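Asker: The structure follows.
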Amino acid sequence: MNIHLHSVIALVLATAISQATAPAATTTYYSDLLHFDYTYSSSFTTVTGAADEALKAEKDKSTGVTKAAIDCITLPVTATDSSSGFRMILIMRMDGTCLGATTPAAKLGAVANSALTQSLTRFGTPQMGTPADYQLSGHSASTLSGSVKSDKYGLTFYGTASCLLQGNDVVCWEFLASDCSQLPELMANPIQFEGQPKAALIPETFAQTCK
């Protein structure tokens, strides 16, 4: 199933505020529903309303199964940091019960690839890597990276996505940065599932080679 998220990226870029902010404390997103804590730098600012507007726009122009599926998607975190270049964190939840289907572990790579490809396509024709599967605190997960040159913004955007299974749901993270060397820091942001120790969301061995 293809879920278009490129309009989310456009809205985030349009509303991001460019101001120097010294990295300080951390922000933790806790989900009672998904049973995990996810921690990231407080230099990131939540972009209020952009995710809901983007999903509504996609629903308005969709039909049939895709239109119905969008009701099963939420974006609990959309945050940006413009203190040094541009960075973005986006979390997407696909409700398996709502969709009436559970995604098998073997399809996680395809989901991650679809999400990141569509986000990067917003800026041009992306160069995509190959999904790699891994285990995260007992959860099946898959990750890949890509990049795209944006003529409009005069920048190259680098991205990494990871999708994992949590019960009947698929939860995906997307990271974008205008500086490839900043992606490993985002990948290393810790997640802690109930009853499990903290772990880096994406192992550093999966970081893309920066050119």
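Each chain in the structure tokens gets a letter, A, B, ..., in the order shown, and its residues are numbered from 1; ligands are numbered from 1 in order too.
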Write out as a ChimeraX atom specification all residues of range 23-192 of chain A that DSSP puts in alpha helix (DSSP H) for this structure's backbone.

Answerer: /A:50-60,64-70,96-99,108-121,183-187

Asker: Using only C-alpha atoms, I'd like a table of the residues in range 79-165 of chain A that come within 8 Å of range 169-180 of chain A; for each, show the closest atom pair and its distance in Å rounded to one decimal, ordered by chain and ascending number, as a tab-separated table.

Answerer:
```
residue	atom	partner	partner_atom	distance
A:Gly85	CA	A:Ser178	CA	5.9
A:Phe86	CA	A:Ser178	CA	5.3
A:Arg87	CA	A:Ala177	CA	4.3
A:Met88	CA	A:Leu176	CA	5.1
A:Ile89	CA	A:Phe175	CA	4.9
A:Leu90	CA	A:Glu174	CA	5.1
A:Ile91	CA	A:Trp173	CA	4.6
A:Met92	CA	A:Cys172	CA	5.1
A:Arg93	CA	A:Val171	CA	4.6
A:Met94	CA	A:Val170	CA	5.2
A:Asp95	CA	A:Asp169	CA	4.9
A:Gly96	CA	A:Asp169	CA	4.7
A:Thr97	CA	A:Asp169	CA	7.5
A:Thr102	CA	A:Asp169	CA	7.1
A:Thr103	CA	A:Val170	CA	7.1
A:Ala112	CA	A:Cys172	CA	7.1
A:Leu116	CA	A:Glu174	CA	6.9
A:Leu155	CA	A:Ser178	CA	6.7
A:Thr156	CA	A:Ser178	CA	6.0
A:Phe157	CA	A:Ser178	CA	4.8
A:Tyr158	CA	A:Ala177	CA	5.3
A:Gly159	CA	A:Leu176	CA	4.4
A:Thr160	CA	A:Phe175	CA	5.2
A:Ala161	CA	A:Glu174	CA	4.4
A:Ser162	CA	A:Trp173	CA	5.3
A:Cys163	CA	A:Cys172	CA	4.0
A:Leu164	CA	A:Val171	CA	5.5
A:Leu165	CA	A:Val170	CA	4.8
```

Asker: Write out as a count of residues only the residues lying within 8 Å of Pro131 in chain A, counting only C-alpha atoms and excluding same-chain residues fewer than 2 positions away.

Answerer: 10

Asker: So which one's closest to Leu186 in chain A, A:Leu108, A:Asp32, A:Val47, A:Ala207? Using only C-alpha atoms, please.

Answerer: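 Among the listed residues, the smallest separation from Leu186 in chain A belongs to A:Ala207.
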
Asker: Give me every strand (DSSP E or B) residue in range 84-120 of chain A, going by DSSP on the backbone, as a PyMOL selection string.

Answerer: chain A and resi 87-94

Asker: Glu194 in chain A: which residues within 10 Å, counting only C-alpha atoms, same-chain residues fewer than 2 positions away excluded, as a ChimeraX atom specification?

Answerer: /A:32,34-37,137,191-192,196-198

Asker: Let's have the selection written as a compact mmCIF listing (two decimals), in the first residue's frame, with N, CA and C atoms.

Answerer:
```
# COMPACT_ATOMS: atom_id res chain seq x y z
N ASP A 32 1.46 5.39 25.41
CA ASP A 32 0.78 4.33 26.17
C ASP A 32 0.31 3.23 25.23
N LEU A 34 1.54 2.35 22.22
CA LEU A 34 2.60 1.57 21.57
C LEU A 34 3.65 1.06 22.57
N HIS A 35 3.54 1.49 23.82
CA HIS A 35 4.37 0.96 24.90
C HIS A 35 5.86 1.20 24.70
N PHE A 36 6.23 2.42 24.33
CA PHE A 36 7.65 2.75 24.26
C PHE A 36 7.87 4.22 24.56
N ASP A 37 9.13 4.52 24.97
CA ASP A 37 9.64 5.89 25.10
C ASP A 37 10.61 6.11 23.95
N SER A 137 15.19 -4.79 20.14
CA SER A 137 14.53 -5.18 21.40
C SER A 137 13.42 -6.21 21.16
N ILE A 191 15.38 4.39 22.02
CA ILE A 191 14.00 3.96 22.22
C ILE A 191 14.00 2.91 23.32
N GLN A 192 12.97 2.91 24.13
CA GLN A 192 12.87 1.93 25.21
C GLN A 192 11.47 1.37 25.24
N GLN A 196 12.18 -3.50 28.54
CA GLN A 196 13.43 -3.68 27.79
C GLN A 196 14.38 -2.53 28.09
N PRO A 197 15.69 -2.75 27.94
CA PRO A 197 16.65 -1.65 28.12
C PRO A 197 16.59 -0.70 26.93
N LYS A 198 17.12 0.50 27.12
CA LYS A 198 17.20 1.45 26.02
C LYS A 198 18.12 0.92 24.92
```

Asker: Set the distance at 7 Å and use only C-alpha atoms: which residues neighbour range 123-125 of chain A once local chain neighbours fewer than 3 positions away are removed? I'd like the list as a ChimeraX atom specification.

Answerer: /A:120,148-150

Asker: Output N, CA and C atoms of each residue in that selection to a file, as a tab-separated table (two decimals), in the first residue's frame.

Answerer:
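again35.tsv, freshly written:
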```tsv
chain	number	residue	atom	x	y	z
A	120	LEU	N	11.35	11.91	-0.26
A	120	LEU	CA	12.45	12.51	-1.00
A	120	LEU	C	12.05	12.94	-2.40
A	148	VAL	N	18.58	13.11	-2.17
A	148	VAL	CA	18.01	13.76	-3.34
A	148	VAL	C	18.54	15.19	-3.43
A	149	LYS	N	18.86	15.63	-4.63
A	149	LYS	CA	19.30	17.00	-4.84
A	149	LYS	C	18.09	17.86	-5.15
A	150	SER	N	17.92	18.94	-4.38
A	150	SER	CA	16.79	19.84	-4.57
A	150	SER	C	17.26	21.10	-5.28
```

Asker: Smallest atom-to-atom distance to Gln182 in chain A: which of A:Ala200, A:Val111, A:Cys210, A:Met128, using only C-alpha atoms?

Answerer: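 The shortest atom-to-atom distance to Gln182 in chain A comes from A:Cys210.
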